[in-house]
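Asks: Pasting a structure below so you can have a look.
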Amino acid sequence: MKIRWRKRWLLLLLLAAAWQETGASLLVLAERGSRFLDILEAMVPPDPRYVGQVLYPLAATIRMSVLGSVLGTLLGFLGALLANRWTDPCPFLRVPFKLLIQLLRTVPALILALFCTFLVGLGTLAGTLALTVYAFGVMTRLGYEDMETADWKGAQALAAAGSGRGKAFFRAILPKVLPGYLSNALYLWEANVRQAAILGYVGAGGIGLLLNERLAWRAYSQVGTILLLLYGVVLASEMCSELLRQGLAGKWRPGQKIRRALWAGGLLVLFWALGSVEPMGGTGLKAAGGMVSGLLHPDLSMVRDLSREGVLYLLWETFCMALLGTLGGAVLAGALSSLSSFRLLPVGVALVPRLLLLAIRTVPVFVYGLLWIRVTGPGPFAGVLTLMLCSIGLLARRFLNTLEEIAPGPYLAYEATGCGRARAFWRGLLPQLEPGWGAAILYRLDVNLREAAILGLVGAGGIGTPLILALQHYKWQEAGALLWGLALLVIAMEALSEWLRKP
């Protein structure tokens with residue numbers, strides 16, 4: 001109990017320090033918050049005449065997300081084989097590879113896309129490569145964790161009988177982990193649709209450049225057209241993904257003709273996605289050599305610098321933004337997920353909040369950043385509000401999944417006694433939800449630390465602004481110091497998350 005109270009006091013102290021550091025102000029939000037709604041209102045109605053100009057970059061965005069997800073998933077499976085103890089018993093190969101994957105996961109997809117534009121030039125090839133590398137890191141980590149935690153008794157028995165480790169893996173371990181791996185791949189594809197929408201900002205193809213251009217010109221009705229079409233794509237991807245996940249879980253068993261049609265349709269989409277490769281030339285090996293040199297020889301003077309331009313202060317500001325944004329988003333996500341649950345409310349009532357959550361998830365992070373900057377001005381407070389909105393979508397999705405899995409009996413019992421729905425939720429459901437919701441919040445905090453680097457594109461505080469500037473001006477040593485700092489911050493945050501999960 002003492003440990004739990006220590007954790008709570010630590011969280012309160014961090015919140016107070018983060019509030020002070022980011023300049024968060026409810027007064028500013030109350031006075032100027034209506035500007036955010038004014039901009040959203042200007043997007044309605046969308047401009048239907050602009051649809052024709054949006055379709056091609058939108059198609060490129062879909063192609064990049066599909067091809068990057070497929071290639072990353074396939075490579076991630078091979079990476080998972082190299083990173084788990086059963087298929088790779090040699091620690092001299094396995095441990096350095098796992099460390100490399102851990103470092104790779106700390107780099108946001110947008111930063112990877114910027115690297116790829118230096119290597120292969122502007123265009124969708126850079127975006128596809130960035131999403132492939134990003135998906136590879138994520139799927140490798142998820143894959144080897146599932147393989148490590150699987151029951152190995154059957155595989156050990158087969159290996160002892162002389163079948164060999166490889167055959168034992170494919171017969172006893174793979175059938176257990178493959179459905180979960182493919183389900184994670186579908187979640188990743190959903191995320192990559194939204195990731196691909198911002199890569200055009202750095203010249204990596206897709207709809208991002210067009211979206212940023214229209215925002216810069218304040219052509220809000222055309223921005224509304226872009227977001228509406230992107231909303232349709234995200235909605236379609238999530239519906240397809242959910243249908244396929246139900247098939248993997250055995251909740252939906254299609255007939256043979258439907259399975260063949262799904263395979264044929266998937267192959268056609270994949271061949272169509274191959275058309276996204278449009279290289280335009282880059283600096284190639286010269287740029288690669290400069291990047292590697294900068295990463296291996298970072299500018300250590302930036303680490304020793306204790307001013308506001310130093311790495312340590314920038315990391316602290318980034319952590320404060322991520323902490324406030326995550327917890328603020330968690331509060332709103334908890335409320336919206338409860339209002340969206342078909343188990344707690346009628347379908348007609350819960351459907352509207354669900355569609356709202358999907359709309360919140362559709363808007364790219366830098367769009368929120370640009371909108372909030374016009375409310376609060378440049379700085380970390382705009383970053384906090386941006387991360388808060390971006391956290392709502394993912395957290396509400398995870399919260400809803402947890403709500404669907406728990407037993408509703410205690411909630412119904414409290415409600416039957418006449419204590420009201422809010423009180424019944426607090427007493428009957430919240431104790432069951434706390435472990436799953438807590439894990440989701442910690443995961444989102446880890447994501448937000450990387451998302452904060454994207455906000456540097458719009459000047460919303462944190463380590464992102466100097467990192468983007470260093471990369472764009474080929475200052476590889478400065479970029480190396482900032483990237484190493486970001487990587488160490490994410491790794492330290494994962495260690496802190498593990499400590500907080502302990503009872």
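Starting from 1 in every chain, residues are counted up; chains themselves are A, B, ... following the order of the structure tokens, and ligands are numbered from 1 as listed.
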If we count only C-alpha atoms and set the cut-off at 12 Å, which residues sit around Phe115 (chain A), ignoring sequence neighbours fewer than 6 positions away in its own chain? Please answer as a VMD selection string.

Replies: chain A and resid 107 to 109 121 to 122 126 to 127 129 to 131 133 199 202 to 204 282 to 285 287 to 292 468 470 to 472 474 476 479

Asks: Counting only C-alpha atoms, what is within 8 Å of region 163-179 of chain A, bar same-chain residues fewer than 2 positions away, as a count of residues only?

Replies: 20

Asks: Quick one: everything within 9 Å of Arg141 (chain A), counting only C-alpha atoms, minus sequence neighbours fewer than 2 positions away in the same chain. Send it as a JSON list (two decimals) with all heavy atoms, in the first residue's frame.

Replies:
[["chain", "number", "residue", "atom", "x", "y", "z"],
["A", 76, "GLY", "N", 8.77, -8.30, -40.38],
["A", 76, "GLY", "CA", 8.66, -8.41, -38.93],
["A", 76, "GLY", "C", 8.59, -9.84, -38.45],
["A", 76, "GLY", "O", 9.12, -10.18, -37.38],
["A", 79, "GLY", "N", 12.04, -11.02, -38.52],
["A", 79, "GLY", "CA", 12.72, -10.42, -37.38],
["A", 79, "GLY", "C", 12.37, -11.09, -36.07],
["A", 79, "GLY", "O", 13.24, -11.28, -35.20],
["A", 80, "ALA", "N", 11.10, -11.47, -35.91],
["A", 80, "ALA", "CA", 10.67, -12.16, -34.68],
["A", 80, "ALA", "C", 11.37, -13.51, -34.55],
["A", 80, "ALA", "O", 11.69, -13.95, -33.44],
["A", 80, "ALA", "CB", 9.16, -12.34, -34.69],
["A", 83, "ALA", "N", 14.74, -12.92, -33.12],
["A", 83, "ALA", "CA", 14.79, -12.27, -31.81],
["A", 83, "ALA", "C", 14.27, -13.13, -30.66],
["A", 83, "ALA", "O", 14.35, -12.70, -29.51],
["A", 83, "ALA", "CB", 13.99, -10.96, -31.85],
["A", 98, "LYS", "N", 17.87, -7.44, -30.92],
["A", 98, "LYS", "CA", 16.77, -6.91, -30.12],
["A", 98, "LYS", "C", 17.04, -5.47, -29.70],
["A", 98, "LYS", "O", 16.12, -4.64, -29.66],
["A", 98, "LYS", "CB", 16.52, -7.80, -28.90],
["A", 98, "LYS", "CG", 15.93, -9.15, -29.24],
["A", 98, "LYS", "CD", 15.86, -10.07, -28.05],
["A", 98, "LYS", "CE", 14.78, -9.67, -27.09],
["A", 98, "LYS", "NZ", 14.60, -10.67, -26.01],
["A", 101, "ILE", "N", 16.28, -3.31, -32.69],
["A", 101, "ILE", "CA", 14.83, -3.14, -32.85],
["A", 101, "ILE", "C", 14.29, -2.15, -31.83],
["A", 101, "ILE", "O", 13.43, -1.30, -32.15],
["A", 101, "ILE", "CB", 14.12, -4.50, -32.72],
["A", 101, "ILE", "CG1", 14.52, -5.42, -33.88],
["A", 101, "ILE", "CG2", 12.61, -4.33, -32.67],
["A", 101, "ILE", "CD1", 14.13, -4.90, -35.23],
["A", 102, "GLN", "N", 14.79, -2.24, -30.61],
["A", 102, "GLN", "CA", 14.34, -1.31, -29.57],
["A", 102, "GLN", "C", 14.66, 0.13, -29.95],
["A", 102, "GLN", "O", 13.84, 1.04, -29.76],
["A", 102, "GLN", "CB", 15.02, -1.68, -28.24],
["A", 102, "GLN", "CG", 14.56, -0.89, -27.05],
["A", 102, "GLN", "CD", 13.20, -1.34, -26.56],
["A", 102, "GLN", "OE1", 12.52, -2.14, -27.18],
["A", 102, "GLN", "NE2", 12.78, -0.80, -25.42],
["A", 105, "ARG", "N", 12.39, 1.38, -32.89],
["A", 105, "ARG", "CA", 11.01, 1.70, -32.50],
["A", 105, "ARG", "C", 10.88, 3.10, -31.90],
["A", 105, "ARG", "O", 9.77, 3.63, -31.82],
["A", 105, "ARG", "CB", 10.50, 0.68, -31.47],
["A", 105, "ARG", "CG", 10.18, -0.67, -32.04],
["A", 105, "ARG", "CD", 9.64, -1.58, -30.97],
["A", 105, "ARG", "NE", 8.43, -1.03, -30.37],
["A", 105, "ARG", "CZ", 8.36, -0.51, -29.15],
["A", 105, "ARG", "NH1", 9.44, -0.47, -28.39],
["A", 105, "ARG", "NH2", 7.24, -0.04, -28.69],
["A", 136, "PHE", "N", 8.10, -2.85, -39.58],
["A", 136, "PHE", "CA", 9.06, -3.91, -39.25],
["A", 136, "PHE", "C", 9.45, -3.85, -37.78],
["A", 136, "PHE", "O", 9.47, -4.88, -37.09],
["A", 136, "PHE", "CB", 10.29, -3.76, -40.15],
["A", 136, "PHE", "CG", 11.48, -4.55, -39.70],
["A", 136, "PHE", "CD1", 11.49, -5.93, -39.76],
["A", 136, "PHE", "CD2", 12.61, -3.90, -39.19],
["A", 136, "PHE", "CE1", 12.59, -6.66, -39.34],
["A", 136, "PHE", "CE2", 13.71, -4.62, -38.77],
["A", 136, "PHE", "CZ", 13.70, -6.00, -38.84],
["A", 137, "GLY", "N", 9.76, -2.66, -37.28],
["A", 137, "GLY", "CA", 10.13, -2.52, -35.87],
["A", 137, "GLY", "C", 9.02, -2.91, -34.93],
["A", 137, "GLY", "O", 9.22, -3.65, -33.96],
["A", 138, "VAL", "N", 7.81, -2.44, -35.22],
["A", 138, "VAL", "CA", 6.67, -2.73, -34.35],
["A", 138, "VAL", "C", 6.33, -4.21, -34.37],
["A", 138, "VAL", "O", 6.15, -4.85, -33.33],
["A", 138, "VAL", "CB", 5.44, -1.89, -34.77],
["A", 138, "VAL", "CG1", 4.21, -2.31, -33.99],
["A", 138, "VAL", "CG2", 5.71, -0.41, -34.56],
["A", 139, "MET", "N", 6.22, -4.81, -35.58],
["A", 139, "MET", "CA", 5.80, -6.20, -35.69],
["A", 139, "MET", "C", 6.86, -7.16, -35.18],
["A", 139, "MET", "O", 6.54, -8.24, -34.65],
["A", 139, "MET", "CB", 5.43, -6.53, -37.13],
["A", 139, "MET", "CG", 4.21, -5.78, -37.65],
["A", 139, "MET", "SD", 2.74, -5.96, -36.59],
["A", 139, "MET", "CE", 2.46, -7.73, -36.70],
["A", 143, "GLY", "N", 5.92, -9.62, -32.33],
["A", 143, "GLY", "CA", 6.06, -11.03, -32.70],
["A", 143, "GLY", "C", 6.93, -11.81, -31.74],
["A", 143, "GLY", "O", 6.55, -12.89, -31.27],
["A", 144, "TYR", "N", 8.11, -11.28, -31.42],
["A", 144, "TYR", "CA", 8.99, -12.07, -30.55],
["A", 144, "TYR", "C", 8.48, -12.09, -29.11],
["A", 144, "TYR", "O", 8.71, -13.06, -28.38],
["A", 144, "TYR", "CB", 10.45, -11.61, -30.66],
["A", 144, "TYR", "CG", 10.86, -10.37, -29.92],
["A", 144, "TYR", "CD1", 10.92, -10.31, -28.54],
["A", 144, "TYR", "CD2", 11.29, -9.24, -30.61],
["A", 144, "TYR", "CE1", 11.34, -9.18, -27.86],
["A", 144, "TYR", "CE2", 11.72, -8.10, -29.97],
["A", 144, "TYR", "CZ", 11.74, -8.08, -28.60],
["A", 144, "TYR", "OH", 12.17, -6.95, -27.94],
["A", 145, "GLU", "N", 7.75, -11.05, -28.68],
["A", 145, "GLU", "CA", 7.15, -11.10, -27.35],
["A", 145, "GLU", "C", 6.09, -12.20, -27.27],
["A", 145, "GLU", "O", 6.02, -12.94, -26.28],
["A", 145, "GLU", "CB", 6.55, -9.75, -26.99],
["A", 145, "GLU", "CG", 7.58, -8.70, -26.61],
["A", 145, "GLU", "CD", 6.95, -7.40, -26.18],
["A", 145, "GLU", "OE1", 5.74, -7.22, -26.42],
["A", 145, "GLU", "OE2", 7.67, -6.54, -25.62],
["A", 146, "ASP", "N", 5.26, -12.33, -28.31],
["A", 146, "ASP", "CA", 4.26, -13.40, -28.33],
["A", 146, "ASP", "C", 4.92, -14.77, -28.36],
["A", 146, "ASP", "O", 4.47, -15.71, -27.69],
["A", 146, "ASP", "CB", 3.35, -13.24, -29.55],
["A", 146, "ASP", "CG", 2.39, -12.08, -29.40],
["A", 146, "ASP", "OD1", 2.24, -11.58, -28.27],
["A", 146, "ASP", "OD2", 1.80, -11.67, -30.41]]

Asks: Please report, as CSV, each residue of region 48-158 of chain A lying at most 10 Å from region 221-225 of chain A, together with the nearest pair of atoms and the separation in Å rounded to one decimal; use only C-alpha atoms, and order rows by chain and ascending residue number.

Replies:
residue,atom,partner,partner_atom,distance
A:Pro48,CA,A:Thr225,CA,6.9
A:Arg49,CA,A:Gln222,CA,8.7
A:Tyr50,CA,A:Gln222,CA,6.3
A:Val51,CA,A:Thr225,CA,6.7
A:Val54,CA,A:Thr225,CA,8.2

Asks: When you count only C-alpha atoms, which of these residues is closest to Ala185 (chain A): A:Ala261, A:Leu119, A:Val70, A:Leu112?

Replies: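 With only C-alpha atoms as the atom set, the closest residue is A:Val70.
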
Asks: I'd like to know which of A:Val44, A:Ala333, A:Leu371, A:Val269 is closest to Gly459 (chain A), using only C-alpha atoms.

Replies: A:Leu371
